[in-house]
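Participant: I'd like to ask you about the structure that follows.
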Amino acid sequence: MADLDPSEYEVSELGPAIKEIEDVAALKAILGAEESGESRPAAITLIESRIEKYEGPEDEVDTDDVDLAEMSTADVGNALQGIDEVERLEALLDAEEGGEDRDSVKRLIQSRIDSVAGSDEGDTEAAQADEESMSPEERHPDLDHPTADKKHVRALENGVYRDVWVYCETQAGSLIDVSREMLGKARQLMDEYNDAYDENERVVGVLIGDDAATHADEVIACGADLVVYHEDERLERFLHKPYTEIFCQMARAGSDKYDDADEVDWKEYDKPRYVLFPATNNGRDLSAQVQAALDSGLASDCSGLYIEDTVISNPVKTGAPGEKKTFERVLHMKRPDFSGFEYSTILCLDNPNREFHPQGASVIPGSFEVPEPDADREGETVEHDATLDDDWFRVEVTDYDRLEAGVDLSGHESIVAVGRGIGADPTRGVELAVELAEAFEDADVGVSRGIVTGSYQFDGHVEKYTREERQIGETGQVVAPKLYIAAGISGAVQHKVGMDESETIVAINTDPEARIRDFSDYFIEGDLFEVLPQLTAALKEGQLDFEAAADGGGRPDATAQGGEADE
């Protein structure tokens with residue numbers, strides 16, 4: 001791995017490729033190759049972060065000799081972290097006021113003084129609370145505010161939150177699968193939540209459109225206890241402003257903390273506790289706008305959700321350094337890292353002087369199972385009755401084209417996917433995948449992102465199998481077939497997201513250290529150009545045995561002999 005060529009990897013694939021390299025000299029060689037080659041800023045940052053992990057920062061700040069006049073604001077911030085004496089910090093503050101007198105530096109020093117001094121002095125906390133309750137115009141009256149006409153959303157104090165809300169998106173008159181997935185997951189979450197906390201909170205489905213009411217029964221059958229819908233012929237197609245306003249009106253209804261909140265008999269709390277949106281084009285758009293309008297945060301493109309208590313020591317969240325605080329009923333939102341190294345779990349937690357609800361996430365399609373609808377489930381359906389402002393419809397869709405449906409890989413029992421390992425003969429590699437897929441009763445061909453973004457040359461008869469519509473992964477399709485065969489695919493996290501829920505995963509790769517080995521049921525160490533034809537022949541003869549092919553089976557130790565590594 002020391003002679004790894006970074007130009008052969010996308011940035012998303014480079015992270016996993018260098019994860020096991022701990023030799024600083026080797027990492028610096030890779031960095032030099034990147035800087036003299038494509039010189040991609042994201043790749044350089046990734047490699048440098050890896051070097052820093054094992055080498056440490058080159059320049060340690062000497063806190064014993066701090067000359068503020070010679071330091072940038074960032075340097076001052078770093079230096080202050082090593083100073084714990086209030087008297088010394090106050091001396092630095094006096095020096096800055098008598099010297100450069102930079103507001104940003106003075107704020108840093110004062111913040112450090114407050115942190116070191118602790119919470120005994122209530123004046124600082126009170127001042128922070130007062131400042132947080134002020135609008136931007138009130139905090140900075142000396143500045144010109146071109147957006148001063150916009151309504152400032154003030155955080156609630158002692159708000160009441162209940163239920164999980166699911167925005168149920170429809171397309172072409174039908175509820176889309178990811179809406180069903182979220183309803184099923186929300187049902188599971190709230191059943192477990194109610195048992196754990198002895199509550200009786202609900203799954204609330206939200207429908208907005210020109211025929212919203214027609215989907216209410218299906219939403220209930222998929223897990224909702226309550227469906228709130230708004231129907232208007234002008235809402236036939238998604239529009240930012242009205243959809244956002246309608247959702248927020250629903251979310252605030254029944255609250256006594258909003259002057260414009262509607263009085264309703266189906267809701268007696270201020271805002272939802274949790275809210276889920278689909279990570280589709282429209283869902284991503286709506287989720288960001290709604291969460292901003294409701295004065296909360298958003299974890300986007302999530303593939304895992306669970307609710308539990310969590311202990312936090314961050315002073316921003318606890319109110320004082322060194323203290324720990326238990327936050328209850330926290331929605332843990334898992335998403336893959338951009339680096340490709342691992343998953344991150346996002347939490348939306350309150351500050352001491354501010355509440356952040358609803359805790360919101362957008363969900364990658366295919367992340368959860370589509371529930372079997374239960375036609376006997378009982379639920380309540382209510383219509384959101386409100387007048388829509390004509391000004392919300394200043395943007396009008398006058399004409400549009402509907403794209404072809406494309407290729408849906410999610411419904412097949414088996415999928416044969418190929419990656420960069422076909423590089424020696426790209427067309428032949430795809431042909432072999434197609435031949436194996438055709439030997440199954442119900443199978444199709446998928447590809448990794450490396451095939452879609454690479455510069456491979458394919459003959460015309462296989463080119464259709466290499467297009468983006470067949471890409472599997474975080475930015476492509478998410479599939480969960482009974483059998484997933486990955487040939488020449490290294491196993492970056494972004495691809496793993498798209499196929500990890502497959503019932504049986506068989507990986508073919510010449511690199512015995514390929515990351516995909518870690519999450520495969522059977523790993524065949526071999527050249528796909530040799531292995532795929534053998535699998536096809538065995539399948540046609542009714543003798544396909546992955547355990548024998550892998551010389552032992554099992555995850556992740558099953559291997560057979562092979563040749564050079566696939567990238």
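Letters for chains follow the order of the structure tokens (A, B, ...), residue numbers begin at 1 for each chain, and ligand numbers begin at 1 in the order shown.
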So that I can see what lies close to range 239-249 of chain A, please list as an mmCIF file with N, CA, C and O atoms, in the first residue's frame the residues with an atom at most 7 Å from it, counting only C-alpha atoms and leaving out residues fewer than 6 positions away in the same chain.

Facilitator:
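Output contents, as saved in selection26.cif:
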data_model
loop_
_atom_site.group_PDB
_atom_site.id
_atom_site.type_symbol
_atom_site.label_atom_id
_atom_site.label_comp_id
_atom_site.auth_asym_id
_atom_site.auth_seq_id
_atom_site.Cartn_x
_atom_site.Cartn_y
_atom_site.Cartn_z
ATOM 1 N N ALA A 261 -50.925 30.540 15.838
ATOM 2 C CA ALA A 261 -51.210 29.104 15.853
ATOM 3 C C ALA A 261 -52.714 28.860 15.802
ATOM 4 O O ALA A 261 -53.503 29.516 16.503
ATOM 5 N N LEU A 286 -37.543 20.548 1.270
ATOM 6 C CA LEU A 286 -38.548 20.868 2.281
ATOM 7 C C LEU A 286 -37.996 20.710 3.689
ATOM 8 O O LEU A 286 -38.263 21.546 4.562
ATOM 9 N N GLN A 289 -35.940 23.749 4.861
ATOM 10 C CA GLN A 289 -36.737 24.960 5.070
ATOM 11 C C GLN A 289 -37.633 24.838 6.301
ATOM 12 O O GLN A 289 -37.766 25.780 7.082
ATOM 13 N N VAL A 290 -38.246 23.681 6.481
ATOM 14 C CA VAL A 290 -39.134 23.492 7.624
ATOM 15 C C VAL A 290 -38.357 23.553 8.934
ATOM 16 O O VAL A 290 -38.745 24.246 9.879
ATOM 17 N N LEU A 294 -38.808 26.220 11.952
ATOM 18 C CA LEU A 294 -39.193 25.767 13.290
ATOM 19 C C LEU A 294 -38.061 25.927 14.299
ATOM 20 O O LEU A 294 -38.149 25.445 15.425
ATOM 21 N N TRP A 392 -47.862 33.201 -1.794
ATOM 22 C CA TRP A 392 -47.028 32.004 -1.730
ATOM 23 C C TRP A 392 -46.889 31.336 -3.095
ATOM 24 O O TRP A 392 -46.017 30.492 -3.287
#

Participant: Report as number ranges by chain all protein, DNA and RNA residues lying within 12 Å of Ala361 in chain A, evaluated on only C-alpha atoms, omitting residues in the same chain fewer than 3 positions from it.

Facilitator: A: 164-167, 182, 186, 273-279, 283-284, 286-288, 290-291, 296-306, 331-335, 345-348, 357-358, 364

Participant: How would you write, as a PyMOL selection string, the set of residues in range 365-456 of chain A that DSSP gives as alpha helix (DSSP H)?

Facilitator: chain A and resi 426-439+449-453

Participant: Determine the nearest neighbour of Arg470 in chain A from the options A:Ser174, A:Glu431, A:Val418, A:Arg515, counting only C-alpha atoms.

Facilitator: A:Val418

Participant: Suppose you want the space between CA of Ala221 in chain A and CA of Asp195 in chain A; what is it in Å?

Facilitator: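 The value is 21.3 Å.
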
Participant: Excluding Asp103 in chain A and any residue of its chain fewer than 6 positions from it, enumerate the residues within 12 Å of it, using only C-alpha atoms, and give them as a ChimeraX atom specification.

Facilitator: /A:73,93,96-97,109-110

Participant: Quick one: write out the picked residues with N, CA and C atoms as a PDB file, in the first residue's frame?

Facilitator:
ATOM      1  N   THR A  73      -6.123  35.682  14.908  1.00  0.00           N
ATOM      2  CA  THR A  73      -7.209  35.317  15.820  1.00  0.00           C
ATOM      3  C   THR A  73      -7.227  33.813  16.067  1.00  0.00           C
ATOM      4  N   LEU A  93      -6.112  40.168  28.119  1.00  0.00           N
ATOM      5  CA  LEU A  93      -7.216  41.021  27.660  1.00  0.00           C
ATOM      6  C   LEU A  93      -6.825  42.492  27.740  1.00  0.00           C
ATOM      7  N   GLU A  96      -4.441  43.252  24.896  1.00  0.00           N
ATOM      8  CA  GLU A  96      -5.106  43.383  23.590  1.00  0.00           C
ATOM      9  C   GLU A  96      -5.837  44.717  23.488  1.00  0.00           C
ATOM     10  N   GLU A  97      -6.501  45.124  24.559  1.00  0.00           N
ATOM     11  CA  GLU A  97      -7.221  46.404  24.550  1.00  0.00           C
ATOM     12  C   GLU A  97      -6.261  47.577  24.378  1.00  0.00           C
ATOM     13  N   ILE A 109     -10.826  35.872  24.382  1.00  0.00           N
ATOM     14  CA  ILE A 109     -10.213  35.899  25.720  1.00  0.00           C
ATOM     15  C   ILE A 109     -11.290  35.940  26.802  1.00  0.00           C
ATOM     16  N   GLN A 110     -12.317  36.775  26.600  1.00  0.00           N
ATOM     17  CA  GLN A 110     -13.379  36.876  27.594  1.00  0.00           C
ATOM     18  C   GLN A 110     -14.128  35.562  27.723  1.00  0.00           C
TER      19      GLN A 110
END

Participant: Quick one: residues within 9 Å of Val430 in chain A, only C-alpha atoms counted, chain neighbours fewer than 6 positions away excluded, as a PyMOL selection string?

Facilitator: chain A and resi 418+422+445+458+462-463+465-466

Participant: Just list the residues in range 132-268 of chain A DSSP gives strand (DSSP E) on the backbone, as a ChimeraX atom specification.

Facilitator: /A:161-167,170-171,174-175,203-209,226-231
